[in-house]
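Shown next: target-v8.txt, containing compact mmCIF, C-alpha atoms.
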# COMPACT_ATOMS: atom_id res chain seq x y z
CA MET A 61 4.67 -2.51 -11.98
CA ASN A 62 7.52 -4.67 -10.73
CA LYS A 63 7.69 -8.33 -11.75
CA ASN A 64 8.57 -11.00 -9.18
CA GLU A 65 10.82 -13.37 -11.11
CA ASN A 66 10.73 -15.99 -8.34
CA GLU A 67 7.02 -16.69 -8.82
CA PHE A 68 5.62 -18.99 -11.51
CA LEU A 69 1.96 -18.00 -11.14
CA TRP A 70 1.16 -14.72 -12.85
CA VAL A 71 -1.27 -13.73 -10.10
CA GLU A 72 1.68 -13.72 -7.70
CA ARG A 73 4.40 -12.59 -10.10
CA HIS A 74 2.43 -9.49 -11.08
CA ARG A 75 0.60 -8.86 -7.81
CA PRO A 76 0.42 -5.08 -7.11
CA LYS A 77 2.57 -3.95 -4.21
CA THR A 78 1.04 -0.50 -3.75
CA ILE A 79 -2.50 0.83 -3.54
CA ASP A 80 -1.85 3.00 -6.59
CA GLU A 81 -1.19 -0.15 -8.64
CA CYS A 82 -4.41 -1.83 -7.49
CA ILE A 83 -7.38 -1.73 -9.85
CA LEU A 84 -10.27 -0.53 -7.69
CA PRO A 85 -13.36 1.71 -7.91
CA ALA A 86 -12.39 5.33 -7.26
CA SER A 87 -14.11 5.52 -3.87
CA LEU A 88 -12.32 2.41 -2.61
CA LYS A 89 -8.96 3.56 -3.90
CA ALA A 90 -9.47 6.91 -2.17
CA THR A 91 -10.23 5.14 1.12
CA PHE A 92 -7.04 3.08 1.04
CA THR A 93 -4.93 5.95 -0.30
CA ASP A 94 -6.00 8.02 2.71
CA ILE A 95 -4.90 5.21 5.04
CA VAL A 96 -1.46 5.18 3.44
CA LYS A 97 -1.29 8.98 3.50
CA HIS A 98 -2.08 9.20 7.22
CA GLY A 99 0.07 6.18 8.05
CA GLU A 100 -2.37 4.56 10.45
CA LEU A 101 -4.02 1.20 9.86
CA HIS A 102 -7.18 0.19 11.70
CA ASN A 103 -8.90 -3.19 12.06
CA MET A 104 -10.79 -3.94 8.87
CA LEU A 105 -13.18 -6.46 7.36
CA LEU A 106 -12.84 -6.50 3.57
CA SER A 107 -15.86 -8.13 1.99
CA GLY A 108 -16.74 -9.05 -1.59
CA THR A 109 -16.80 -11.79 -4.20
CA ALA A 110 -13.70 -13.71 -5.26
CA GLY A 111 -10.86 -12.15 -7.24
CA LEU A 112 -11.56 -8.47 -6.58
CA GLY A 113 -8.25 -7.76 -4.84
CA LYS A 114 -9.10 -7.90 -1.13
CA THR A 115 -5.98 -9.82 -0.13
CA THR A 116 -3.84 -7.80 -2.54
CA VAL A 117 -5.03 -4.57 -0.92
CA ALA A 118 -4.33 -5.91 2.58
CA ARG A 119 -0.79 -6.88 1.60
CA ALA A 120 -0.20 -3.62 -0.29
CA LEU A 121 -1.21 -1.59 2.78
CA CYS A 122 1.31 -3.49 4.90
CA HIS A 123 3.98 -3.07 2.23
CA GLU A 124 3.47 0.68 1.87
CA LEU A 125 3.29 1.27 5.62
CA ASP A 126 6.31 -1.00 6.17
CA LEU A 127 4.44 -3.21 8.62
CA GLU A 128 5.37 -6.77 9.51
CA TYR A 129 2.43 -9.06 8.80
CA LEU A 130 1.28 -12.64 9.18
CA LEU A 131 -0.99 -14.07 6.48
CA ILE A 132 -3.31 -16.89 7.55
CA ASN A 133 -5.34 -18.87 5.02
CA SER A 134 -8.45 -19.40 7.12
CA SER A 135 -9.89 -21.96 4.71
CA GLU A 136 -7.02 -24.24 5.74
CA GLU A 137 -6.49 -23.07 9.33
CA SER A 138 -9.94 -22.39 10.71
CA GLY A 139 -9.75 -23.88 14.21
CA ILE A 140 -9.10 -22.13 17.48
CA ASP A 141 -5.62 -23.70 17.72
CA VAL A 142 -4.32 -21.26 15.09
CA LEU A 143 -5.31 -18.41 17.43
CA ARG A 144 -3.76 -19.96 20.50
CA SER A 145 -0.47 -20.78 18.82
CA LYS A 146 0.54 -19.03 15.61
CA ILE A 147 -1.43 -15.79 15.94
CA LYS A 148 -0.89 -15.29 19.68
CA GLN A 149 2.86 -15.82 19.34
CA PHE A 150 3.07 -13.35 16.45
CA ALA A 151 0.78 -10.69 17.94
CA SER A 152 2.40 -10.70 21.37
CA SER A 153 6.00 -10.26 20.18
CA VAL A 154 7.71 -7.00 19.29
CA SER A 155 7.86 -6.05 15.62
CA LEU A 156 11.23 -6.15 13.90
CA HIS A 157 10.21 -3.13 11.80
CA GLY A 158 11.35 -0.32 14.05
CA GLY A 159 8.94 -0.98 16.90
CA LYS A 160 5.84 -0.53 14.72
CA TYR A 161 2.67 -2.52 15.31
CA LYS A 162 2.14 -5.78 13.44
CA VAL A 163 -0.73 -6.93 11.23
CA VAL A 164 -2.53 -10.27 11.06
CA ILE A 165 -4.29 -10.87 7.74
CA LEU A 166 -6.98 -13.53 8.08
CA ASP A 167 -7.73 -14.43 4.49
CA GLU A 168 -11.14 -16.05 3.82
CA ALA A 169 -12.14 -15.39 7.41
CA ASP A 170 -15.67 -16.59 6.70
CA TYR A 171 -14.23 -20.11 7.04
CA LEU A 172 -13.23 -19.48 10.67
CA ASN A 173 -15.33 -21.53 13.07
CA ALA A 174 -18.21 -19.28 14.12
CA GLN A 175 -18.74 -21.18 17.37
CA SER A 176 -15.19 -21.08 18.70
CA THR A 177 -12.55 -19.27 16.63
CA GLN A 178 -14.55 -16.15 15.74
CA PRO A 179 -15.77 -15.49 19.32
CA ALA A 180 -12.21 -15.96 20.63
CA LEU A 181 -10.90 -13.56 17.98
CA ARG A 182 -12.95 -10.77 19.58
CA GLY A 183 -10.76 -10.94 22.66
CA PHE A 184 -7.55 -11.12 20.62
CA ILE A 185 -8.40 -7.91 18.76
CA GLU A 186 -8.80 -6.09 22.07
CA GLU A 187 -5.98 -7.82 23.97
CA PHE A 188 -3.33 -7.01 21.36
CA SER A 189 -4.68 -3.62 20.25
CA SER A 190 -1.50 -1.79 21.28
CA ASN A 191 0.73 -4.10 19.26
CA CYS A 192 -1.32 -5.57 16.44
CA ARG A 193 -4.02 -4.82 13.88
CA PHE A 194 -6.28 -7.35 12.19
CA ILE A 195 -7.48 -7.40 8.58
CA LEU A 196 -10.13 -9.98 7.75
CA THR A 197 -11.13 -10.79 4.18
CA CYS A 198 -14.27 -12.70 3.28
CA ASN A 199 -16.58 -13.52 0.39
CA PHE A 200 -19.68 -13.70 2.61
CA LYS A 201 -19.77 -11.16 5.43
CA ASN A 202 -22.96 -12.71 6.86
CA ARG A 203 -20.77 -15.65 7.94
CA ILE A 204 -18.77 -13.32 10.18
CA ILE A 205 -20.30 -12.85 13.62
CA GLU A 206 -21.66 -9.42 14.48
CA PRO A 207 -19.19 -8.69 17.32
CA LEU A 208 -16.35 -8.85 14.77
CA HIS A 209 -18.26 -6.47 12.47
CA SER A 210 -18.45 -3.97 15.32
CA ARG A 211 -14.70 -4.22 15.99
CA CYS A 212 -13.70 -3.60 12.37
CA SER A 213 -14.32 -1.08 9.62
CA VAL A 214 -16.41 -3.06 7.12
CA ILE A 215 -15.40 -2.23 3.54
CA GLU A 216 -17.35 -3.62 0.58
CA PHE A 217 -15.49 -4.53 -2.61
CA ASN A 218 -18.47 -5.37 -4.83
CA THR A 219 -18.88 -3.24 -7.97
CA ASN A 220 -21.87 -2.06 -9.99
CA LYS A 221 -22.18 -2.25 -13.78
CA LYS A 222 -21.06 1.33 -14.32
CA GLN A 223 -17.91 0.80 -12.25
CA LEU A 224 -17.25 -2.56 -13.90
CA ALA A 225 -16.93 -1.04 -17.36
CA GLY A 226 -14.23 1.35 -16.22
CA LEU A 227 -12.40 -1.31 -14.22
CA ALA A 228 -12.48 -3.70 -17.19
CA ALA A 229 -10.80 -1.05 -19.35
CA LEU A 230 -8.09 -0.57 -16.72
CA PHE A 231 -7.56 -4.30 -16.43
CA MET A 232 -7.35 -4.59 -20.21
CA LYS A 233 -4.39 -2.21 -20.16
CA ARG A 234 -2.82 -4.06 -17.22
CA LEU A 235 -3.25 -7.41 -18.99
CA GLN A 236 -1.69 -6.09 -22.19
CA ASP A 237 1.36 -4.95 -20.22
CA ILE A 238 1.63 -8.34 -18.48
CA LEU A 239 1.40 -10.26 -21.76
CA LYS A 240 4.10 -8.06 -23.31
CA THR A 241 6.32 -8.59 -20.27
CA GLU A 242 5.81 -12.35 -20.52
CA GLY A 243 6.55 -12.36 -24.27
CA ILE A 244 3.07 -13.59 -25.22
CA THR A 245 1.53 -12.55 -28.54
CA TYR A 246 -2.15 -11.69 -28.27
CA ASN A 247 -5.23 -10.40 -30.02
CA ASP A 248 -7.05 -7.53 -28.30
CA LYS A 249 -10.46 -9.02 -29.15
CA VAL A 250 -9.50 -12.32 -27.54
CA ILE A 251 -8.36 -10.82 -24.25
CA ALA A 252 -11.35 -8.46 -24.22
CA GLU A 253 -13.64 -11.47 -24.54
CA LEU A 254 -11.78 -13.22 -21.74
CA ILE A 255 -12.19 -10.20 -19.48
CA MET A 256 -15.90 -9.91 -20.23
CA ARG A 257 -16.39 -13.62 -19.58
CA TYR A 258 -14.87 -13.63 -16.08
CA ALA A 259 -14.95 -10.01 -14.83
CA PRO A 260 -14.87 -8.86 -12.10
CA ASP A 261 -12.87 -11.92 -10.99
CA TRP A 262 -9.53 -10.46 -12.12
CA ARG A 263 -7.63 -13.39 -10.60
CA ARG A 264 -9.60 -15.80 -12.76
CA VAL A 265 -8.92 -13.72 -15.88
CA LEU A 266 -5.18 -13.77 -15.23
CA ASN A 267 -5.15 -17.48 -14.41
CA GLU A 268 -7.01 -18.27 -17.64
CA CYS A 269 -4.60 -16.13 -19.64
CA GLN A 270 -1.65 -17.98 -18.21
CA ARG A 271 -3.27 -21.34 -18.91
CA TYR A 272 -3.86 -20.51 -22.59
CA SER A 273 -0.39 -19.01 -22.96
CA LEU A 274 1.23 -22.18 -21.60
CA GLN A 275 -0.53 -24.18 -24.28
CA GLU A 276 0.13 -21.94 -27.26
CA ARG A 277 2.50 -19.11 -26.17
CA SER A 278 -0.18 -17.03 -27.82
CA LEU A 279 -3.61 -15.56 -27.10
CA GLN A 280 -4.73 -15.19 -30.71
CA ILE A 281 -7.76 -17.47 -30.44
CA PHE A 282 -9.36 -19.83 -27.92

Go ahead and render the structure in this file as C-alpha cells.
Amino acid sequence: MNKNENEFLWVERHRPKTIDECILPASLKATFTDIVKHGELHNMLLSGTAGLGKTTVARALCHELDLEYLLINSSEESGIDVLRSKIKQFASSVSLHGGKYKVVILDEADYLNAQSTQPALRGFIEEFSSNCRFILTCNFKNRIIEPLHSRCSVIEFNTNKKQLAGLAALFMKRLQDILKTEGITYNDKVIAELIMRYAPDWRRVLNECQRYSLQERSLQIF
C-alpha cells in the first residue's frame, strides 16, 4: 500500500486508495469490487459504527473509477446553505475528468438538518442525476429521512463476531506493515491487545498506535 508522505496522521498517510486494499467483510468487498468492475457508481447510503471504513470506501471508489468528487463534512456543514452554494455549484458544472459524472460524498450525513437540508437533498439527487452521484455515510441510519433511503442503495458496514475475528487478523498484518514502514519497534502481543480493545474501530486503533509511538518510538508495552 502506498504511503502519503505529505500527511502526518497515520489514518490519512496510510489510507487505502483501492477497494482491494480496504479491510472489509467478504460480502461487502465483493459488492464494491463489482461496482469497480462494472464502472458504474450509484447513489449510496453507507451505514455503520465509527471507524469501519465507510469514508475510505467512498473515496477509494472515486479514485478507482477516476471520478472527480467533493467531500463534505456534514458534522461541520449541516445547514441548507451548503446545498445551495457549494454542492449546487459543484454538481451543476462539467467534470474535468473526461466528461464523467461527479460524486458528492456527504460524510456523517446523519448530522444534516432533517427538517431542511435532508428534504432539499432529495431534489438535488434527482435534479443532478445526469451529472452527479451522491454517497452518504452515517453512523445512525435512523437519523436519515426515509425518502433519502429510497433514493440510495443502503449498505450496512456493521460486522458480527465471526467476521470480526477474521478482520482483526487482517488488520494485525496491516498494522505490522505500517509500523515497519514508520520505523517503530513493536511487540505482537501489545498490538494484538490494542486491536482487541478497540476493534472494529480501525481508525481508533491506528490513532492509538500513533499516539504511543510518538511517546516512545516503540510499542513494546503500554

Checklist entry - Skipping near chain neighbours, those fewer than 5 positions away, what residues fall within 8 Å of Ile205 (chain A) using all atoms listed in the file, listed as a ChimeraX atom specification? => result /A:174,178-179

Identify the residues within 12 Å of coordinate (-4.1, -2.7, -2.6) (same frame as the file), considering all atoms listed in the file, and give the answer as a PDB file with C-alpha atoms, in the frame of the given file.
ATOM      1  CA  ARG A  75       0.600  -8.860  -7.810  1.00  0.00           C
ATOM      2  CA  PRO A  76       0.420  -5.080  -7.110  1.00  0.00           C
ATOM      3  CA  LYS A  77       2.570  -3.950  -4.210  1.00  0.00           C
ATOM      4  CA  THR A  78       1.040  -0.500  -3.750  1.00  0.00           C
ATOM      5  CA  ILE A  79      -2.500   0.830  -3.540  1.00  0.00           C
ATOM      6  CA  ASP A  80      -1.850   3.000  -6.590  1.00  0.00           C
ATOM      7  CA  GLU A  81      -1.190  -0.150  -8.640  1.00  0.00           C
ATOM      8  CA  CYS A  82      -4.410  -1.830  -7.490  1.00  0.00           C
ATOM      9  CA  ILE A  83      -7.380  -1.730  -9.850  1.00  0.00           C
ATOM     10  CA  LEU A  84     -10.270  -0.530  -7.690  1.00  0.00           C
ATOM     11  CA  PRO A  85     -13.360   1.710  -7.910  1.00  0.00           C
ATOM     12  CA  LEU A  88     -12.320   2.410  -2.610  1.00  0.00           C
ATOM     13  CA  LYS A  89      -8.960   3.560  -3.900  1.00  0.00           C
ATOM     14  CA  ALA A  90      -9.470   6.910  -2.170  1.00  0.00           C
ATOM     15  CA  THR A  91     -10.230   5.140   1.120  1.00  0.00           C
ATOM     16  CA  PHE A  92      -7.040   3.080   1.040  1.00  0.00           C
ATOM     17  CA  THR A  93      -4.930   5.950  -0.300  1.00  0.00           C
ATOM     18  CA  ILE A  95      -4.900   5.210   5.040  1.00  0.00           C
ATOM     19  CA  VAL A  96      -1.460   5.180   3.440  1.00  0.00           C
ATOM     20  CA  LEU A 106     -12.840  -6.500   3.570  1.00  0.00           C
ATOM     21  CA  LEU A 112     -11.560  -8.470  -6.580  1.00  0.00           C
ATOM     22  CA  GLY A 113      -8.250  -7.760  -4.840  1.00  0.00           C
ATOM     23  CA  LYS A 114      -9.100  -7.900  -1.130  1.00  0.00           C
ATOM     24  CA  THR A 115      -5.980  -9.820  -0.130  1.00  0.00           C
ATOM     25  CA  THR A 116      -3.840  -7.800  -2.540  1.00  0.00           C
ATOM     26  CA  VAL A 117      -5.030  -4.570  -0.920  1.00  0.00           C
ATOM     27  CA  ALA A 118      -4.330  -5.910   2.580  1.00  0.00           C
ATOM     28  CA  ARG A 119      -0.790  -6.880   1.600  1.00  0.00           C
ATOM     29  CA  ALA A 120      -0.200  -3.620  -0.290  1.00  0.00           C
ATOM     30  CA  LEU A 121      -1.210  -1.590   2.780  1.00  0.00           C
ATOM     31  CA  CYS A 122       1.310  -3.490   4.900  1.00  0.00           C
ATOM     32  CA  HIS A 123       3.980  -3.070   2.230  1.00  0.00           C
ATOM     33  CA  GLU A 124       3.470   0.680   1.870  1.00  0.00           C
ATOM     34  CA  LEU A 125       3.290   1.270   5.620  1.00  0.00           C
ATOM     35  CA  PHE A 217     -15.490  -4.530  -2.610  1.00  0.00           C
TER      36      PHE A 217
END

Next on the checklist: Measuring between only C-alpha atoms, which one of A:Arg271, A:Lys221, A:Arg263, A:His209 shows the shortest distance to Ile244 (chain A)?
Outcome noted: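 Answer, going by the shortest atom-to-atom distance: A:Arg271.
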
Checklist entry - So, counting all atoms listed in the file, which residue among A:Arg193, A:Trp262, A:Gln175, A:Leu274 is closest to Gly243 (chain A)? => result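 With all atoms listed in the file as the atom set, the closest residue is A:Leu274.
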
Hey, which bits of region 129-244 of chain A sit within 12 Å of region 66-70 of chain A, and for each residue what's the closest pair of atoms and how far apart in Å (one decimal), counting all atoms listed in the file, rows by chain and increasing number, as a tab-separated table?
residue	atom	partner	partner_atom	distance
A:Leu235	CA	A:Trp70	CA	10.5
A:Ile238	CA	A:Trp70	CA	8.5
A:Leu239	CA	A:Trp70	CA	10.0
A:Thr241	CA	A:Trp70	CA	10.9
A:Glu242	CA	A:Trp70	CA	9.3

Checklist entry - Which is closer to Asn103 (chain A) than all the others in A:Arg182, A:Lys249, A:Lys201, A:Arg73, using all atoms listed in the file? => result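 Smallest distance to Asn103 (chain A) is found for A:Arg182.
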
Next on the checklist: For a quick check of understanding, using only C-alpha atoms, which of A:Leu105, A:Leu127, A:Ile255, A:Leu166 has the smallest distance to Gln236 (chain A)?
Outcome noted: A:Ile255

Next on the checklist: Counting only C-alpha atoms, find residues at most 10 Å from (-9.3, -24.0, 2.9) (file frame) and give them as a count of residues only.
Outcome noted: 10

Would you mind completing region 169-198 of chain A to N, CA and C atoms and writing the output as a tab-separated table (two decimals), in the coordinates of the input?
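Saved the output as result39.tsv:
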chain	number	residue	atom	x	y	z
A	169	ALA	N	-11.76	-15.27	6.00
A	169	ALA	CA	-12.14	-15.39	7.41
A	169	ALA	C	-13.53	-15.96	7.62
A	170	ASP	N	-14.35	-15.99	6.56
A	170	ASP	CA	-15.67	-16.59	6.70
A	170	ASP	C	-15.61	-18.10	6.90
A	171	TYR	N	-14.41	-18.68	6.75
A	171	TYR	CA	-14.23	-20.11	7.04
A	171	TYR	C	-13.87	-20.35	8.51
A	172	LEU	N	-13.55	-19.31	9.26
A	172	LEU	CA	-13.23	-19.48	10.67
A	172	LEU	C	-14.46	-20.01	11.42
A	173	ASN	N	-14.24	-20.93	12.32
A	173	ASN	CA	-15.33	-21.53	13.07
A	173	ASN	C	-16.10	-20.45	13.84
A	174	ALA	N	-17.39	-20.34	13.52
A	174	ALA	CA	-18.21	-19.28	14.12
A	174	ALA	C	-18.60	-19.57	15.56
A	175	GLN	N	-18.38	-20.81	16.01
A	175	GLN	CA	-18.74	-21.18	17.37
A	175	GLN	C	-17.57	-21.07	18.34
A	176	SER	N	-16.35	-21.12	17.81
A	176	SER	CA	-15.19	-21.08	18.70
A	176	SER	C	-14.16	-20.04	18.29
A	177	THR	N	-13.65	-20.14	17.06
A	177	THR	CA	-12.55	-19.27	16.63
A	177	THR	C	-12.98	-17.81	16.54
A	178	GLN	N	-14.12	-17.55	15.89
A	178	GLN	CA	-14.55	-16.15	15.74
A	178	GLN	C	-14.85	-15.48	17.08
A	179	PRO	N	-15.57	-16.14	18.01
A	179	PRO	CA	-15.77	-15.49	19.32
A	179	PRO	C	-14.47	-15.23	20.05
A	180	ALA	N	-13.51	-16.15	19.95
A	180	ALA	CA	-12.21	-15.96	20.63
A	180	ALA	C	-11.43	-14.82	19.99
A	181	LEU	N	-11.61	-14.63	18.69
A	181	LEU	CA	-10.90	-13.56	17.98
A	181	LEU	C	-11.29	-12.19	18.50
A	182	ARG	N	-12.52	-12.05	18.99
A	182	ARG	CA	-12.95	-10.77	19.58
A	182	ARG	C	-11.98	-10.32	20.68
A	183	GLY	N	-11.66	-11.27	21.56
A	183	GLY	CA	-10.76	-10.94	22.66
A	183	GLY	C	-9.35	-10.64	22.20
A	184	PHE	N	-8.89	-11.35	21.15
A	184	PHE	CA	-7.55	-11.12	20.62
A	184	PHE	C	-7.42	-9.71	20.07
A	185	ILE	N	-8.44	-9.25	19.35
A	185	ILE	CA	-8.40	-7.91	18.76
A	185	ILE	C	-8.23	-6.85	19.85
A	186	GLU	N	-8.90	-7.05	20.97
A	186	GLU	CA	-8.80	-6.09	22.07
A	186	GLU	C	-7.52	-6.28	22.89
A	187	GLU	N	-7.16	-7.54	23.15
A	187	GLU	CA	-5.98	-7.82	23.97
A	187	GLU	C	-4.69	-7.28	23.36
A	188	PHE	N	-4.57	-7.40	22.03
A	188	PHE	CA	-3.33	-7.01	21.36
A	188	PHE	C	-3.46	-5.69	20.59
A	189	SER	N	-4.41	-4.86	20.99
A	189	SER	CA	-4.68	-3.62	20.25
A	189	SER	C	-3.50	-2.67	20.23
A	190	SER	N	-2.64	-2.70	21.25
A	190	SER	CA	-1.50	-1.79	21.28
A	190	SER	C	-0.35	-2.25	20.40
A	191	ASN	N	-0.40	-3.51	19.97
A	191	ASN	CA	0.73	-4.10	19.26
A	191	ASN	C	0.36	-4.70	17.91
A	192	CYS	N	-0.93	-4.82	17.63
A	192	CYS	CA	-1.32	-5.57	16.44
A	192	CYS	C	-2.66	-5.09	15.89
A	193	ARG	N	-2.77	-5.09	14.56
A	193	ARG	CA	-4.02	-4.82	13.88
A	193	ARG	C	-4.45	-6.09	13.14
A	194	PHE	N	-5.74	-6.19	12.87
A	194	PHE	CA	-6.28	-7.35	12.19
A	194	PHE	C	-7.03	-6.93	10.93
A	195	ILE	N	-6.73	-7.60	9.82
A	195	ILE	CA	-7.48	-7.40	8.58
A	195	ILE	C	-8.10	-8.74	8.21
A	196	LEU	N	-9.41	-8.78	8.14
A	196	LEU	CA	-10.13	-9.98	7.75
A	196	LEU	C	-10.65	-9.80	6.33
A	197	THR	N	-10.51	-10.82	5.49
A	197	THR	CA	-11.13	-10.79	4.18
A	197	THR	C	-12.17	-11.90	4.11
A	198	CYS	N	-13.24	-11.67	3.39
A	198	CYS	CA	-14.27	-12.70	3.28
A	198	CYS	C	-15.08	-12.50	2.00
